[in-house]
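Colleague: Following this line is target.cif, made up of mmCIF, C-alpha atoms:
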data_final
loop_
_atom_site.label_atom_id
_atom_site.label_comp_id
_atom_site.auth_asym_id
_atom_site.auth_seq_id
_atom_site.Cartn_x
_atom_site.Cartn_y
_atom_site.Cartn_z
CA MET I 1 -57.40 72.44 -208.27
CA ASP I 2 -56.36 71.38 -211.73
CA GLU I 3 -58.85 68.61 -212.10
CA ASN I 4 -59.33 69.00 -215.82
CA LYS I 5 -56.51 66.83 -217.09
CA PRO I 6 -57.20 64.43 -219.92
CA VAL I 7 -58.00 60.88 -218.87
CA PRO I 8 -55.90 57.94 -220.12
CA LYS I 9 -57.51 56.04 -222.99
CA GLN I 10 -58.83 52.60 -222.27
CA GLU I 11 -57.38 49.27 -223.49
CA GLU I 12 -53.81 50.37 -223.75
CA GLU I 13 -51.24 47.76 -222.92
CA VAL I 14 -49.76 48.20 -219.47
CA LYS I 15 -45.96 48.15 -219.60
CA TRP I 16 -43.81 46.51 -216.91
CA TYR I 17 -42.42 49.86 -215.85
CA SER I 18 -45.94 51.06 -215.12
CA TYR I 19 -46.19 48.47 -212.35
CA VAL I 20 -42.75 49.53 -211.10
CA ALA I 21 -43.89 53.16 -211.08
CA LEU I 22 -47.02 52.26 -209.10
CA LEU I 23 -45.01 50.25 -206.57
CA PHE I 24 -42.51 53.09 -206.30
CA ALA I 25 -45.29 55.61 -205.63
CA ILE I 26 -46.72 53.46 -202.85
CA VAL I 27 -43.33 53.05 -201.17
CA PHE I 28 -42.34 56.67 -201.77
CA PHE I 29 -45.41 58.13 -200.06
CA SER I 30 -45.80 55.38 -197.48
CA GLY I 31 -43.10 56.76 -195.22
CA ILE I 32 -41.85 53.26 -194.40
CA LEU I 33 -38.31 54.27 -195.35
CA ALA I 34 -38.45 57.71 -193.72
CA THR I 35 -36.69 56.76 -190.51
CA SER I 36 -34.16 54.49 -192.16
CA LYS I 37 -30.57 55.69 -191.93
CA GLU I 38 -29.54 53.61 -194.96
CA TRP I 39 -29.05 54.90 -198.50
CA TYR I 40 -32.48 53.65 -199.56
CA SER I 41 -34.15 56.31 -197.45
CA VAL I 42 -33.68 58.22 -200.71
CA CYS I 43 -36.96 56.58 -201.82
CA ASP I 44 -39.00 58.57 -199.35
CA PHE I 45 -41.04 61.72 -199.88
CA THR I 46 -40.33 63.42 -196.57
CA VAL I 47 -36.60 62.64 -196.76
CA LEU I 48 -36.26 64.25 -200.19
CA ASN I 49 -38.64 67.06 -199.32
CA GLY I 50 -36.11 68.09 -196.67
CA THR I 51 -36.40 70.97 -194.24
CA PHE I 52 -36.12 74.74 -194.27
CA GLY I 53 -33.05 76.29 -192.74
CA LYS I 54 -33.44 77.52 -189.18
CA ILE I 55 -33.00 81.08 -187.97
CA ALA I 56 -31.92 81.79 -184.40
CA ALA I 57 -34.39 84.03 -182.56
CA ALA I 58 -33.40 86.50 -179.83
CA ASN I 59 -34.48 84.08 -177.12
CA GLY I 60 -32.19 81.39 -178.51
CA LYS I 61 -35.02 79.39 -180.10
CA MET I 62 -34.55 78.11 -183.63
CA LEU I 63 -37.33 79.14 -186.00
CA THR I 64 -38.13 78.76 -189.71
CA PHE I 65 -38.74 81.86 -191.82
CA ARG I 66 -42.38 81.74 -190.78
CA GLY I 67 -41.33 82.78 -187.30
CA ALA I 68 -43.56 82.28 -184.28
CA GLY I 69 -46.68 84.00 -182.95
CA GLY I 70 -47.96 85.30 -186.28
CA ASN I 71 -51.67 85.25 -187.14
CA GLY I 72 -54.27 86.38 -189.63
CA ALA I 73 -53.78 86.74 -193.38
CA GLN I 74 -50.07 87.55 -193.01
CA ASP I 75 -49.33 84.36 -191.12
CA GLY I 76 -51.58 82.47 -193.55
CA PHE I 77 -49.46 83.76 -196.42
CA ALA I 78 -46.18 82.84 -194.74
CA PHE I 79 -47.56 79.44 -193.85
CA ALA I 80 -48.87 78.79 -197.37
CA LEU I 81 -45.45 79.81 -198.72
CA SER I 82 -43.78 77.30 -196.44
CA LEU I 83 -46.09 74.58 -197.75
CA LEU I 84 -45.48 75.32 -201.40
CA PRO I 85 -42.35 73.13 -201.85
CA ALA I 86 -44.18 70.02 -200.56
CA VAL I 87 -47.10 70.64 -202.92
CA ILE I 88 -44.81 71.26 -205.91
CA PHE I 89 -42.69 68.21 -205.14
CA ALA I 90 -45.63 65.89 -204.44
CA LEU I 91 -47.42 66.79 -207.66
CA ALA I 92 -44.17 66.43 -209.60
CA VAL I 93 -43.81 62.84 -208.39
CA VAL I 94 -47.48 62.10 -209.02
CA ASN I 95 -47.04 63.47 -212.57
CA VAL I 96 -44.04 61.22 -213.21
CA VAL I 97 -45.87 58.14 -211.90
CA GLU I 98 -48.92 59.03 -213.97
CA GLY I 99 -46.81 59.68 -217.07
CA LEU I 100 -45.16 56.25 -216.73
CA GLY I 101 -48.60 54.63 -216.65
CA GLY I 102 -48.74 53.92 -212.92
CA LEU I 103 -52.44 54.70 -212.79
CA LYS I 104 -53.13 52.44 -215.76
CA ALA I 105 -51.41 49.65 -213.86
CA ALA I 106 -53.61 50.36 -210.85
CA GLN I 107 -56.66 50.26 -213.12
CA LYS I 108 -55.65 46.85 -214.49
CA LEU I 109 -55.19 45.50 -210.97
CA LEU I 110 -58.45 47.02 -209.71
CA SER I 111 -60.85 46.06 -212.53
CA PRO I 112 -61.34 42.37 -211.60
CA LEU I 113 -62.07 43.38 -208.00
CA LEU I 114 -64.93 45.76 -208.77
CA ARG I 115 -67.71 43.20 -209.10
CA PRO I 116 -67.02 41.53 -205.74
CA LEU I 117 -66.10 44.74 -203.90
CA LEU I 118 -68.72 47.15 -205.24
CA GLY I 119 -71.12 45.12 -207.36
CA ILE I 120 -70.28 47.16 -210.45
CA PRO I 121 -68.70 45.95 -213.74
CA GLY I 122 -64.91 45.80 -214.13
CA ALA I 123 -65.23 48.33 -216.96
CA CYS I 124 -65.74 50.96 -214.27
CA GLY I 125 -62.01 50.71 -213.45
CA LEU I 126 -61.17 53.52 -215.86
CA GLY I 127 -63.81 55.82 -214.40
CA MET I 128 -62.57 54.98 -210.93
CA ILE I 129 -58.97 55.86 -211.74
CA ALA I 130 -60.15 58.99 -213.54
CA SER I 131 -62.06 60.09 -210.44
CA TYR I 132 -58.89 59.85 -208.34
CA GLN I 133 -57.41 62.53 -210.57
CA SER I 134 -60.40 64.62 -211.41
CA THR I 135 -63.87 64.87 -209.91
CA ASP I 136 -65.27 66.15 -213.18
CA ALA I 137 -63.70 63.46 -215.37
CA GLY I 138 -64.88 60.71 -213.02
CA ALA I 139 -68.43 61.99 -212.92
CA GLY I 140 -68.48 62.52 -216.68
CA MET I 141 -67.49 58.90 -217.18
CA ILE I 142 -70.29 57.63 -214.92
CA LYS I 143 -72.78 59.44 -217.12
CA ALA I 144 -71.17 58.21 -220.36
CA MET I 145 -71.15 54.60 -219.17
CA TYR I 146 -74.78 54.84 -218.12
CA ASN I 147 -75.75 56.32 -221.47
CA GLU I 148 -73.93 53.49 -223.26
CA GLY I 149 -75.75 50.92 -221.16
CA ILE I 150 -72.59 49.58 -219.49
CA ILE I 151 -74.03 50.24 -216.04
CA ASN I 152 -77.65 50.34 -214.90
CA GLU I 153 -79.37 52.88 -212.65
CA ASP I 154 -78.41 51.12 -209.39
CA GLU I 155 -74.78 50.62 -210.42
CA LYS I 156 -74.64 54.27 -211.42
CA THR I 157 -75.80 55.33 -207.96
CA ILE I 158 -73.34 53.02 -206.18
CA PHE I 159 -70.45 54.15 -208.37
CA ALA I 160 -71.38 57.82 -207.82
CA MET I 161 -71.41 57.22 -204.06
CA TYR I 162 -67.94 55.69 -204.33
CA GLN I 163 -66.63 58.79 -206.07
CA PHE I 164 -68.61 61.36 -204.05
CA SER I 165 -66.87 60.78 -200.69
CA GLY I 166 -63.27 61.89 -200.98
CA ASP I 167 -63.52 62.71 -204.69
CA GLY I 168 -60.47 63.68 -206.73
CA THR I 169 -58.61 61.67 -204.11
CA ILE I 170 -55.05 61.71 -205.44
CA THR I 171 -55.10 65.25 -206.83
CA ASN I 172 -56.65 66.69 -203.67
CA PHE I 173 -54.74 64.69 -201.08
CA PHE I 174 -51.35 65.31 -202.66
CA SER I 175 -51.94 69.01 -203.28
CA SER I 176 -53.75 70.57 -200.33
CA GLY I 177 -52.97 67.59 -198.09
CA ALA I 178 -49.25 67.83 -198.81
CA ALA I 179 -49.42 70.99 -196.74
CA LEU I 180 -49.76 68.92 -193.59
CA PHE I 181 -47.58 65.93 -194.50
CA SER I 182 -44.77 67.12 -192.27
CA VAL I 183 -47.15 67.49 -189.32
CA LEU I 184 -48.62 63.98 -189.48
CA VAL I 185 -47.56 61.67 -186.67
CA THR I 186 -48.10 58.53 -188.80
CA PRO I 187 -46.76 57.62 -192.27
CA ILE I 188 -48.59 59.55 -195.02
CA ILE I 189 -49.97 56.30 -196.45
CA LEU I 190 -52.13 55.59 -193.36
CA PRO I 191 -54.65 58.44 -193.66
CA PHE I 192 -54.57 58.04 -197.45
CA GLY I 193 -55.19 54.28 -197.24
CA LEU I 194 -58.00 54.88 -194.78
CA ILE I 195 -59.70 57.28 -197.20
CA MET I 196 -59.43 54.64 -199.93
CA ILE I 197 -60.92 51.94 -197.68
CA PHE I 198 -63.79 54.11 -196.47
CA LYS I 199 -64.70 55.03 -200.05
CA PHE I 200 -65.45 51.34 -200.59
CA PHE I 201 -67.23 51.14 -197.24
CA GLY I 202 -69.54 54.07 -198.04
CA ALA I 203 -70.36 52.73 -201.51
CA ASN I 204 -71.34 49.41 -199.93
CA LEU I 205 -73.66 51.17 -197.48
CA MET I 206 -75.33 52.69 -200.53
CA ARG I 207 -75.45 49.26 -202.14
CA MET I 208 -77.21 47.87 -199.08
CA TYR I 209 -79.60 50.82 -198.96
CA ILE I 210 -80.63 50.30 -202.59
CA LYS I 211 -81.13 46.58 -201.95
CA TYR I 212 -83.30 47.42 -198.94
CA GLU I 213 -85.28 49.92 -200.99
CA HIS I 214 -85.97 47.34 -203.70
CA LYS I 215 -87.11 44.85 -201.10
CA LYS I 216 -89.43 47.40 -199.55
CA ASN I 217 -90.89 48.36 -202.94
CA GLY I 218 -91.24 44.72 -203.90
CA ALA I 219 -93.14 44.02 -200.71
CA LYS I 220 -95.39 46.99 -201.37
CA GLU I 221 -96.20 45.83 -204.89
CA ALA I 222 -96.92 42.31 -203.68
CA ALA I 223 -99.29 43.56 -201.01
CA MET V 224 -52.58 62.44 -226.47
CA ALA V 225 -51.18 59.16 -225.23
CA GLU V 226 -48.37 59.23 -227.76
CA LYS V 227 -47.40 62.72 -226.77
CA LYS V 228 -47.01 61.49 -223.21
CA GLN V 229 -44.67 58.70 -224.30
CA ASP V 230 -42.30 61.25 -225.79
CA LYS V 231 -41.82 62.93 -222.44
CA ASN V 232 -38.99 61.61 -220.35
CA ILE V 233 -38.97 61.48 -216.59
CA ILE V 234 -37.29 64.87 -216.28
CA ASP V 235 -39.93 66.52 -218.48
CA LEU V 236 -42.69 64.86 -216.48
CA PHE V 237 -41.15 65.99 -213.23
CA ILE V 238 -40.80 69.60 -214.36
CA GLU V 239 -44.32 69.59 -215.77
CA GLY V 240 -45.57 68.27 -212.43
CA CYS V 241 -43.69 70.99 -210.57
CA ARG V 242 -45.47 73.61 -212.66
CA LYS V 243 -48.81 71.99 -211.88
CA GLY V 244 -47.84 72.00 -208.22
CA TRP V 245 -46.91 75.67 -208.35
CA ASP V 246 -50.20 76.55 -210.08
CA THR V 247 -52.25 74.49 -207.63
CA GLY V 248 -50.33 75.85 -204.68
CA ILE V 249 -50.59 79.49 -205.65
CA ARG V 250 -54.03 79.47 -207.22
CA ASN V 251 -55.80 77.02 -204.93
CA MET V 252 -53.97 76.16 -201.73
CA MET V 253 -52.77 79.65 -200.78
CA PRO V 254 -56.13 81.43 -201.22
CA ASN V 255 -57.82 78.70 -199.17
CA VAL V 256 -55.21 78.90 -196.42
CA ILE V 257 -55.39 82.69 -196.25
CA MET V 258 -59.17 82.59 -196.08
CA ALA V 259 -59.09 80.01 -193.31
CA PHE V 260 -56.49 81.98 -191.33
CA VAL V 261 -58.57 85.15 -191.61
CA ILE V 262 -61.71 83.31 -190.47
CA ILE V 263 -59.88 81.83 -187.51
CA LYS V 264 -58.42 85.22 -186.64
CA ALA V 265 -61.92 86.73 -186.80
CA LEU V 266 -63.31 83.93 -184.65
CA ASN V 267 -60.48 84.52 -182.20
CA VAL V 268 -60.91 88.30 -182.00
CA THR V 269 -64.65 88.06 -181.47
CA GLY V 270 -64.30 85.27 -178.93
CA LEU V 271 -66.51 83.01 -181.05
CA LEU V 272 -63.81 80.36 -181.35
CA LYS V 273 -63.83 79.89 -177.57
CA ILE V 274 -67.63 79.64 -177.56
CA LEU V 275 -67.61 77.18 -180.47
CA GLY V 276 -64.91 75.27 -178.65
CA SER V 277 -66.90 74.89 -175.46
CA VAL V 278 -70.22 74.17 -177.20
CA PHE V 279 -68.74 71.40 -179.32
CA ALA V 280 -66.28 70.11 -176.74
CA PRO V 281 -68.55 67.23 -175.62
CA VAL V 282 -69.15 66.15 -179.24
CA MET V 283 -65.55 66.36 -180.41
CA ALA V 284 -64.42 64.64 -177.22
CA LEU V 285 -65.81 61.46 -178.78
CA TRP V 286 -62.69 61.51 -180.94
CA GLY V 287 -60.44 62.96 -178.27
CA LEU V 288 -60.40 66.30 -180.10
CA PRO V 289 -60.88 69.80 -178.68
CA GLY V 290 -64.23 71.45 -179.48
CA GLU V 291 -62.60 73.92 -181.88
CA ALA V 292 -61.91 71.02 -184.27
CA ILE V 293 -65.52 71.40 -185.43
CA THR V 294 -64.40 74.39 -187.51
CA VAL V 295 -62.11 72.06 -189.49
CA LEU V 296 -64.99 69.69 -190.28
CA VAL V 297 -67.39 72.49 -191.22
CA SER V 298 -64.78 74.13 -193.48
CA SER V 299 -64.01 70.76 -195.09
CA PHE V 300 -67.66 70.32 -195.94
CA MET V 301 -67.40 73.47 -198.09
CA SER V 302 -63.92 72.80 -199.49
CA MET V 303 -61.11 70.40 -198.77
CA GLY V 304 -58.55 73.19 -199.07
CA GLY V 305 -60.53 75.22 -196.54
CA GLY V 306 -60.48 72.29 -194.12
CA ILE V 307 -56.73 71.93 -194.48
CA GLY V 308 -56.35 75.70 -194.01
CA ALA V 309 -58.48 75.66 -190.87
CA ALA V 310 -56.49 72.73 -189.49
CA ALA V 311 -53.25 74.55 -190.23
CA GLY V 312 -54.54 77.75 -188.65
CA LEU V 313 -55.59 75.98 -185.45
CA LEU V 314 -52.25 74.17 -185.38
CA GLY V 315 -50.51 77.52 -185.69
CA SER V 316 -52.39 78.94 -182.72
CA ASN V 317 -51.69 75.74 -180.73
CA VAL V 318 -55.37 74.83 -180.46
CA LEU V 319 -54.80 71.56 -182.32
CA SER V 320 -51.82 69.25 -181.86
CA PRO V 321 -50.10 67.28 -184.66
CA LYS V 322 -51.93 64.21 -183.32
CA ASP V 323 -55.29 65.98 -183.66
CA ILE V 324 -54.40 66.97 -187.23
CA THR V 325 -53.54 63.37 -188.08
CA VAL V 326 -56.91 62.17 -186.72
CA LEU V 327 -58.74 64.85 -188.73
CA MET V 328 -56.83 64.22 -191.96
CA PRO V 329 -58.98 61.40 -193.46
CA ALA V 330 -62.19 63.19 -192.45
CA ILE V 331 -61.17 66.40 -194.23
CA TYR V 332 -61.23 64.45 -197.51
CA LEU V 333 -64.01 61.92 -196.90
CA MET V 334 -66.51 64.71 -196.14
CA GLY V 335 -64.57 67.28 -198.12
CA SER V 336 -66.09 69.68 -200.66
CA LEU V 337 -69.44 67.84 -200.50
CA ILE V 338 -71.30 71.08 -201.22
CA GLN V 339 -69.39 71.48 -204.49
CA TYR V 340 -69.51 67.81 -205.35
CA LEU V 341 -73.31 67.68 -205.16
CA GLY V 342 -73.14 69.49 -208.45
CA ARG V 343 -69.82 68.43 -209.87
CA CYS V 344 -70.15 64.72 -209.09
CA LEU V 345 -73.75 63.75 -208.42
CA GLY V 346 -75.21 66.40 -210.73
CA THR V 347 -72.89 65.56 -213.62
CA ALA V 348 -73.50 61.82 -213.19
CA GLU V 349 -77.26 62.54 -213.13
CA VAL V 350 -77.86 60.62 -209.94
CA ASN V 351 -81.50 60.61 -208.82
CA SER V 352 -81.77 63.58 -206.46
CA LYS V 353 -83.84 61.57 -203.97
CA TYR V 354 -80.51 59.96 -202.97
CA TYR V 355 -78.65 63.24 -202.34
CA ALA V 356 -79.43 63.44 -198.63
CA ILE V 357 -78.49 59.86 -197.87
CA MET V 358 -75.29 60.15 -199.92
CA VAL V 359 -74.20 63.23 -198.00
CA GLY V 360 -75.07 61.31 -194.83
CA ILE V 361 -72.94 58.35 -195.84
CA ALA V 362 -69.99 60.59 -196.74
CA VAL V 363 -70.17 62.31 -193.34
CA LEU V 364 -70.52 58.93 -191.62
CA ASN V 365 -67.42 57.76 -193.54
CA ALA V 366 -65.54 60.75 -192.15
CA LEU V 367 -66.68 60.26 -188.55
CA LEU V 368 -65.88 56.54 -188.54
CA ALA V 369 -62.53 57.11 -190.23
CA MET V 370 -61.54 59.51 -187.43
CA TRP V 371 -62.03 56.73 -184.87
CA VAL V 372 -59.94 54.30 -186.90
CA MET V 373 -57.28 56.98 -187.41
CA LYS V 374 -57.31 57.71 -183.68
CA LEU V 375 -56.69 54.03 -183.04
CA LEU V 376 -53.84 54.00 -185.58
CA VAL V 377 -52.29 57.07 -183.98
CA VAL V 378 -52.40 55.43 -180.56
CA MET V 379 -50.89 52.23 -181.95
CA TYR V 380 -48.23 54.14 -183.82
#
Using structure tokens, write down the structure that the file contains.

Modeller:
Amino acid sequence: MDENKPVPKQEEEVKWYSYVALLFAIVFFSGILATSKEWYSVCDFTVLNGTFGKIAAANGKMLTFRGAGGNGAQDGFAFALSLLPAVIFALAVVNVVEGLGGLKAAQKLLSPLLRPLLGIPGACGLGMIASYQSTDAGAGMIKAMYNEGIINEDEKTIFAMYQFSGDGTITNFFSSGAALFSVLVTPIILPFGLIMIFKFFGANLMRMYIKYEHKKNGAKEAA
Amino acid sequence: MAEKKQDKNIIDLFIEGCRKGWDTGIRNMMPNVIMAFVIIKALNVTGLLKILGSVFAPVMALWGLPGEAITVLVSSFMSMGGGIGAAAGLLGSNVLSPKDITVLMPAIYLMGSLIQYLGRCLGTAEVNSKYYAIMVGIAVLNALLAMWVMKLLVVMY
């Protein structure tokens, strides 16, 4: 996975079109317009991703170029080939949204929520967004922020827990995950949203554990 | 860096993204998928997949999944791409249904690549190693709980 992209610099002004790009990305991958027969179904990933042409098999069944009944490395190759367009297309859209500042807009919206949701400073917003794109960048920023004294030991652990489960979320989900987008029986946004929610859930379990640990240690010292 | 990005118009960004997608697809997704397909083929030929399936059937039944789905979770633990490949392979051999895949999808990522991320995330961030075990535990718990929620969403949908 190309998880080594540069991270956006902090404190840049967020342009209006960045918010539009973010909103567009959410709608585009949500699948809410997928079944619409109107012109605006154009704003949907699966609609624009399209389908492969079908080939008639001897028994009258219609198959894609992958055929049916294959297995092993050969079928794996054919299958991977059939997934390639979705991966290329998904990452192209993610790149456009990112280039227009969509992630910076998300960062701006997220920062004020970090203290109540995770008990970590709003300044972690950049590291959080970075971790969606790149595991290594996100982790590097945790360390840098700790070294600069922006977060303490406990906040570092909570923030690391947040990143650890489902790390590199956007890059990973929209590259390897795109492979199975056409198979999903729900809109793409549902499993993705669930991953995002559970990342917060897991980090809060860690937060509770650390609190419990402090209590226990405190009790020990008092005794 | 930031200024250079501003110069790029939407078309440039799109094309650049396509190239990234091609690189990721060819260099990362395809090798993972081929490996997973070969492993599943090997498990099939040796009959191990059936054994795994029956051993884990009672566990995976908690999520309404066939026992073989355990291979998806174990592969995910090593790499997300491997988990996706395993899911795709089992879908191809009709062991897993599209509904099963949808239920597994959040878990593949929430407990995905944890082996790698011990080093790349927790190691880089210099998290106290006494927390490693509980953090892996929480990530796996995330995945297991998310499958139940996803199951519910699939039923509702």

Colleague: On this file, the PyMOL selection byres ((chain I and resi 146-160) around 8) gives some set of residues; write that set as a compact mmCIF listing (two decimals) with C-alpha atoms, in the coordinates of the input.

Modeller:
# COMPACT_ATOMS: atom_id res chain seq x y z
CA LEU I 118 -68.72 47.15 -205.24
CA GLY I 119 -71.12 45.12 -207.36
CA ILE I 120 -70.28 47.16 -210.45
CA PRO I 121 -68.70 45.95 -213.74
CA ALA I 123 -65.23 48.33 -216.96
CA ALA I 139 -68.43 61.99 -212.92
CA ILE I 142 -70.29 57.63 -214.92
CA LYS I 143 -72.78 59.44 -217.12
CA ALA I 144 -71.17 58.21 -220.36
CA MET I 145 -71.15 54.60 -219.17
CA MET I 161 -71.41 57.22 -204.06
CA TYR I 162 -67.94 55.69 -204.33
CA GLN I 163 -66.63 58.79 -206.07
CA PHE I 164 -68.61 61.36 -204.05
CA ALA I 203 -70.36 52.73 -201.51
CA ASN I 204 -71.34 49.41 -199.93
CA MET I 206 -75.33 52.69 -200.53
CA ARG I 207 -75.45 49.26 -202.14
CA ILE I 210 -80.63 50.30 -202.59
CA CYS V 344 -70.15 64.72 -209.09
CA LEU V 345 -73.75 63.75 -208.42
CA ALA V 348 -73.50 61.82 -213.19
CA VAL V 350 -77.86 60.62 -209.94
CA ASN V 351 -81.50 60.61 -208.82

Colleague: Using all atoms listed in the file for the distances, tell me which of V:Ser302, V:Asn365, V:Ser352, V:Thr294 is nearest to chain I.

Modeller: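 For chain I, the nearest of the candidates is V:Asn365.
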
Colleague: At a cut-off of 7 Å, list the chain V residues touching chain I, using all atoms listed in the file, as number ranges by chain.

Modeller: V: 228, 233, 236-241, 243-245, 247-248, 251-253, 256-257, 260-261, 264, 304, 307, 321-322, 324-325, 328-329, 332-335, 340, 343-345, 347-350, 358, 361-362, 365, 369, 373, 377, 380

Colleague: So what do you get for atom CA of V:Val295 versus atom CA of V:Ile263, distance-wise?

Modeller: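 Computing it gives 10.2 Å between the two atoms.
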
Colleague: Under the rule that only C-alpha atoms are counted, which of I:Thr46, I:Ala58, I:Glu13, I:Ile129 is the nearest residue to I:Phe28?

Modeller: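 Of I:Thr46, I:Ala58, I:Glu13, I:Ile129, the one nearest I:Phe28 is I:Thr46, counting only C-alpha atoms.
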
Colleague: To one decimal place in Å, what is the distance between atom CA of I:Met62 and atom CA of I:Val47?

Modeller: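 Here the two named atoms are 20.4 Å from each other.
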
Colleague: Evaluate the PyMOL selection byres ((chain I and resi 108) around 12) against this structure - the residues, as a list in words, please.

Modeller: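 Applied to this file, the PyMOL selection byres ((chain I and resi 108) around 12) returns Gln10, Glu11, Glu12, Glu13, Val14, Lys15, Ser18, Tyr19, Leu22, Gly101, Gly102, Leu103, Lys104, Ala105, Ala106, Gln107, Leu109, Leu110, Ser111, Pro112, Leu113, Leu114, Gly122, Ala123, Cys124, Gly125, Leu126, Met128 and Ile129 of chain I.
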
Colleague: Suppose you want the space between atom CA of V:Leu296 and atom CA of I:Leu117; what is it in Å?

Modeller: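 Between atom CA of V:Leu296 and atom CA of I:Leu117 the gap is 28.4 Å.
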
Colleague: I'd like the contact shell of I:Asp44 - 9 Å cut-off, all atoms listed in the file, skipping same-chain residues fewer than 3 positions apart - returned as a PyMOL selection string.

Modeller: chain I and resi 27-34+40-41+47-49

Colleague: Need the neighbours of (-77.0, 66.7, -199.6): which residues are at most 8 Å away, counting all atoms listed in the file, as a list of chain:residue names?

Modeller: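 So the residues meeting the distance criterion are V:Leu337, V:Ile338, V:Leu341, V:Tyr355, V:Ala356, V:Ile357, V:Met358, V:Val359, V:Gly360.
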
Colleague: Can you list, as a PyMOL selection string, every protein, DNA or RNA residue that comes within 12 Å of V:Val278 when you count only C-alpha atoms, leaving out same-chain residues fewer than 6 positions away?

Modeller: chain V and resi 271-272+284+289-294

Colleague: Just need the box for stretch 303-318 of chain V, edges along x, y and z, holding every atom the file lists for it with 3 Å tacked onto each side, so centre and edge lengths in Å to one decimal, as JSON.

Modeller:
{"center_x": -55.8, "center_y": 74.7, "center_z": -189.8, "size_x": 16.6, "size_y": 14.5, "size_z": 24.6}

Colleague: With all atoms listed in the file as the atoms that count, which of V:Val378, V:Leu266, V:Leu367, V:Ile331 lies nearest to V:Ala310?

Modeller: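 Comparing V:Val378, V:Leu266, V:Leu367, V:Ile331 against V:Ala310, the winner is V:Ile331.
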